[in-house]
$ cat model-v8.txt   # compact mmCIF, C-alpha atoms
# COMPACT_ATOMS: atom_id res chain seq x y z
CA MET A 1 66.80 5.76 95.01
CA THR A 2 65.67 8.56 97.32
CA THR A 3 64.32 11.80 95.89
CA PRO A 4 65.88 14.85 97.57
CA THR A 5 63.49 17.02 99.55
CA PRO A 6 62.90 20.34 97.75
CA GLY A 7 64.92 23.09 99.42
CA ALA A 8 67.08 20.60 101.36
CA THR A 9 70.82 21.07 101.33
CA PRO A 10 72.44 18.23 99.35
CA THR A 11 74.83 16.00 101.26
CA PRO A 12 78.37 16.78 100.11
CA ALA A 13 80.44 13.96 98.65
CA PRO A 14 83.18 12.59 100.94
CA LEU A 15 86.56 14.18 100.40
CA HIS A 16 89.47 12.28 98.90
CA TRP A 17 92.51 12.36 101.21
CA LYS A 18 95.99 10.99 101.77
CA LEU A 19 98.14 10.95 104.88
CA VAL A 20 101.39 12.90 104.38
CA VAL A 21 104.45 11.96 106.43
CA ASP A 22 107.53 14.17 106.68
CA ALA A 23 110.74 12.22 106.09
CA ALA A 24 114.48 12.61 105.81
CA ASP A 25 114.55 9.81 103.20
CA PRO A 26 111.12 9.47 101.57
CA HIS A 27 112.09 6.48 99.43
CA ALA A 28 113.41 4.47 102.38
CA GLN A 29 110.25 5.32 104.33
CA ALA A 30 108.11 4.28 101.36
CA ASP A 31 109.97 0.97 101.17
CA PHE A 32 109.44 0.35 104.90
CA TRP A 33 105.74 1.23 104.92
CA ALA A 34 105.00 -0.58 101.65
CA ALA A 35 106.47 -3.74 103.19
CA ALA A 36 104.89 -3.12 106.61
CA LEU A 37 101.37 -2.61 105.20
CA HIS A 38 101.70 -4.91 102.16
CA TYR A 39 101.10 -1.81 100.01
CA THR A 40 102.60 -0.89 96.64
CA ALA A 41 105.06 1.95 96.09
CA GLU A 42 103.64 4.21 93.42
CA ASP A 43 105.40 4.31 90.06
CA ASN A 44 105.26 7.91 88.85
CA SER A 45 107.91 7.37 86.16
CA VAL A 46 105.57 8.09 83.22
CA LEU A 47 104.66 11.46 84.78
CA VAL A 48 108.27 12.24 85.71
CA GLU A 49 109.48 11.44 82.19
CA ARG A 50 106.72 13.59 80.66
CA LEU A 51 107.57 16.55 82.94
CA LEU A 52 111.29 16.16 82.17
CA SER A 53 110.65 16.03 78.41
CA VAL A 54 108.77 19.35 78.39
CA GLY A 55 111.21 21.05 80.75
CA ALA A 56 108.67 21.38 83.57
CA LEU A 57 110.84 19.42 85.99
CA PRO A 58 114.60 19.85 86.42
CA VAL A 59 116.72 16.69 86.42
CA GLU A 60 117.96 17.67 89.92
CA ALA A 61 114.41 17.13 91.22
CA THR A 62 114.54 13.45 90.27
CA VAL A 63 116.24 10.27 91.44
CA GLU A 64 116.35 6.72 90.20
CA TYR A 65 114.07 4.51 92.29
CA ARG A 66 113.78 0.81 91.49
CA GLY A 67 115.37 1.43 88.10
CA ARG A 68 112.92 4.17 87.08
CA PRO A 69 112.90 7.96 87.32
CA ALA A 70 111.06 9.27 90.37
CA PHE A 71 110.51 12.53 92.19
CA ARG A 72 113.44 13.21 94.52
CA ASP A 73 111.39 14.62 97.37
CA LEU A 74 108.05 12.76 97.16
CA ILE A 75 106.84 9.20 96.92
CA ALA A 76 103.65 7.50 97.99
CA VAL A 77 102.51 3.97 98.77
CA ARG A 78 98.99 2.79 98.04
CA HIS A 79 96.72 -0.12 98.79
CA PRO A 80 97.34 -2.61 95.96
CA GLU A 81 93.61 -3.17 95.29
CA ASP A 82 92.71 0.53 95.07
CA PRO A 83 92.47 2.27 91.70
CA TYR A 84 95.23 4.49 90.37
CA ASP A 85 95.71 6.85 87.45
CA PRO A 86 97.87 5.08 84.84
CA GLN A 87 98.86 8.46 83.32
CA THR A 88 100.55 9.57 86.56
CA GLY A 89 100.88 6.42 88.68
CA THR A 90 99.04 8.26 91.48
CA GLY A 91 96.75 6.22 93.70
CA LEU A 92 93.10 7.20 93.91
CA GLY A 93 92.37 5.46 97.21
CA ARG A 94 94.19 4.69 100.44
CA ARG A 95 97.66 6.30 100.32
CA LEU A 96 100.59 7.44 102.43
CA LEU A 97 102.75 10.15 100.86
CA PHE A 98 106.29 10.67 102.13
CA GLN A 99 107.80 14.12 101.58
CA ARG A 100 111.38 15.16 102.21
CA VAL A 101 111.86 17.80 104.91
CA PRO A 102 115.19 19.25 106.09
CA GLU A 103 114.60 18.92 109.82
CA ALA A 104 114.66 15.71 111.86
CA LYS A 105 111.71 14.53 113.92
CA THR A 106 111.99 16.04 117.38
CA VAL A 107 108.68 15.54 119.22
CA LYS A 108 105.95 12.95 119.64
CA ASN A 109 103.65 12.39 116.66
CA ARG A 110 100.28 14.13 116.87
CA LEU A 111 98.89 11.54 114.46
CA HIS A 112 99.87 7.89 114.08
CA LEU A 113 98.81 4.63 112.47
CA ASP A 114 97.37 1.69 114.38
CA LEU A 115 98.07 -1.65 112.68
CA HIS A 116 95.53 -4.31 113.67
CA VAL A 117 96.77 -7.89 113.58
CA GLY A 118 95.19 -9.36 116.74
CA PRO A 119 96.84 -10.64 119.91
CA GLU A 120 97.65 -14.08 118.43
CA GLN A 121 99.71 -12.51 115.61
CA ARG A 122 101.22 -9.57 117.49
CA ALA A 123 104.59 -11.16 118.38
CA ALA A 124 105.19 -12.54 114.89
CA GLU A 125 104.16 -9.27 113.25
CA ALA A 126 106.38 -7.27 115.62
CA ALA A 127 109.32 -9.49 114.68
CA ARG A 128 108.58 -9.00 110.96
CA LEU A 129 108.38 -5.22 111.39
CA GLU A 130 111.61 -5.16 113.43
CA ALA A 131 113.33 -7.05 110.60
CA LEU A 132 112.18 -4.23 108.29
CA GLY A 133 113.72 -1.59 110.58
CA ALA A 134 111.01 -0.85 113.16
CA ARG A 135 111.71 -0.80 116.88
CA VAL A 136 109.52 -1.76 119.84
CA VAL A 137 109.41 1.14 122.30
CA ARG A 138 107.19 -0.48 124.92
CA GLU A 139 104.33 -2.86 125.53
CA VAL A 140 101.16 -1.12 126.69
CA LYS A 141 98.61 -2.91 128.90
CA GLU A 142 95.58 -0.84 129.82
CA PRO A 143 91.96 -1.63 130.66
CA ALA A 144 91.10 -0.60 127.08
CA GLY A 145 93.46 -3.21 125.61
CA GLN A 146 97.03 -4.22 124.87
CA TRP A 147 99.34 -3.14 122.09
CA LEU A 148 102.94 -2.45 121.23
CA LEU A 149 104.16 1.09 120.75
CA MET A 150 106.69 0.94 117.91
CA THR A 151 108.67 3.35 115.74
CA ASP A 152 109.47 3.20 112.05
CA PRO A 153 113.09 3.62 110.86
CA GLU A 154 112.88 7.43 111.23
CA GLY A 155 111.34 7.34 114.71
CA ASN A 156 107.68 7.93 113.85
CA GLU A 157 105.44 6.18 116.38
CA PHE A 158 102.79 3.65 115.46
CA CYS A 159 100.85 1.04 117.40
CA LEU A 160 100.62 -2.67 116.74
CA GLN A 161 97.38 -4.06 118.15
$ encode --input "model-v8.txt" --output "structure tokens"
Amino acid sequence: MTTPTPGATPTPAPLHWKLVVDAADPHAQADFWAAALHYTAEDNSVLVERLLSVGALPVEATVEYRGRPAFRDLIAVRHPEDPYDPQTGTGLGRRLLFQRVPEAKTVKNRLHLDLHVGPEQRAAEAARLEALGARVVREVKEPAGQWLLMTDPEGNEFCLQ
């Protein structure tokens, strides 16, 4: 273990983060991305039920998702091996959160995911993702490499490398 130098500024701890994606149908997007990434859709039913029971959440703000109460406008998917809070169902590691917004996507993403499967698996993975609702936009061949530009069911771009 290293002893800090007196008067030195301590190194701050890394920040916890999640990627938030606007969606017309957050639950459908969560289903797509959970299947695409082999992630797990978060189960927030214990938290939702607790909030409902104390009147902190109106029934109109909930839906039934996979047979359990869920937030109507929010749902996340998480890496299945990452920790989560059993009191809330919220992931504590790698997560994508889908939030309902009223407007449709209209312009190119400023941020996107790159899925890395390797050239030998690209065609099979593209077919699997298309079966889930993705669409191939174009094949890109550049000096830096090759990949497929794809969109998810709501038109958000991502790359398959």
$ residues_around --input "model-v8.txt" --residues "Val63 of chain A" --least-positions-apart "3" --cutoff "12 Å" --atoms "only C-alpha atoms" --output "PyMOL selection string"
chain A and resi 25-27+44-45+48-49+57-60+66-75
$ residues_around --input "model-v8.txt" --residues "Ala30 of chain A" --least-positions-apart "6" --cutoff "8 Å" --atoms "all atoms listed in the file" --output "tab-separated table (two decimals) with C-alpha atoms, in the coordinates of the input"
chain	number	residue	atom	x	y	z
A	41	ALA	CA	105.06	1.95	96.09
A	75	ILE	CA	106.84	9.20	96.92
A	76	ALA	CA	103.65	7.50	97.99
A	77	VAL	CA	102.51	3.97	98.77
A	97	LEU	CA	102.75	10.15	100.86
A	98	PHE	CA	106.29	10.67	102.13
$ residues_near_point --input "model-v8.txt" --point "(100.7, 11.1, 117.2)" --cutoff "9 Å" --atoms "only C-alpha atoms" --output "PyMOL selection string"
chain A and resi 108-113+156-158
$ atom_distance --input "model-v8.txt" --atom1 "atom CA of Phe32 of chain A" --atom2 "atom CA of Cys159 of chain A"
15.2 Å
$ closest_atom_pairs --input "model-v8.txt" --of "segment 25-91 of chain A" --to "segment 142-152 of chain A" --cutoff "12 Å" --atoms "only C-alpha atoms" --output "Markdown table"
| residue | atom | partner | partner_atom | distance |
| --- | --- | --- | --- | --- |
| A:Ala28 | CA | A:Asp152 | CA | 10.5 |
| A:Gln29 | CA | A:Asp152 | CA | 8.0 |
| A:Ala30 | CA | A:Asp152 | CA | 10.8 |
| A:Asp31 | CA | A:Asp152 | CA | 11.1 |
| A:Phe32 | CA | A:Asp152 | CA | 7.7 |
| A:Trp33 | CA | A:Asp152 | CA | 8.3 |
| A:Ala34 | CA | A:Asp152 | CA | 11.9 |
| A:Ala35 | CA | A:Asp152 | CA | 11.6 |
| A:Ala36 | CA | A:Asp152 | CA | 9.5 |
$ atom_distance --input "model-v8.txt" --atom1 "atom CA of Tyr65 of chain A" --atom2 "atom CA of Gly89 of chain A"
13.8 Å
$ closest_residue --input "model-v8.txt" --among "A:Glu81, A:Glu154, A:Asp43, A:Glu130" --to "Lys105 of chain A" --atoms "all atoms listed in the file"
A:Glu154
$ atom_distance --input "model-v8.txt" --atom1 "atom CA of Gly55 of chain A" --atom2 "atom CA of Leu92 of chain A"
26.3 Å
$ closest_residue --input "model-v8.txt" --among "A:Pro153, A:Gly7, A:Pro86, A:Pro14" --to "Ala131 of chain A" --atoms "only C-alpha atoms"
A:Pro153
$ residues_around --input "model-v8.txt" --residues "Pro83 of chain A" --least-positions-apart "5" --cutoff "12 Å" --atoms "all atoms listed in the file" --output "MDAnalysis selection string"
chainID A and resid 40 42 78 89:95
$ axis_aligned_box --input "model-v8.txt" --around "segment 37-55 of chain A" --padding-each-side "5 Å" --output "lines of an AutoDock Vina configuration file"
center_x = 106.2
center_y = 8.1
center_z = 91.8
size_x = 20.2
size_y = 36.0
size_z = 36.8
$ closest_residue --input "model-v8.txt" --among "A:Ala23, A:Ser53, A:Pro119, A:Arg138" --to "Gly155 of chain A" --atoms "all atoms listed in the file"
A:Ala23
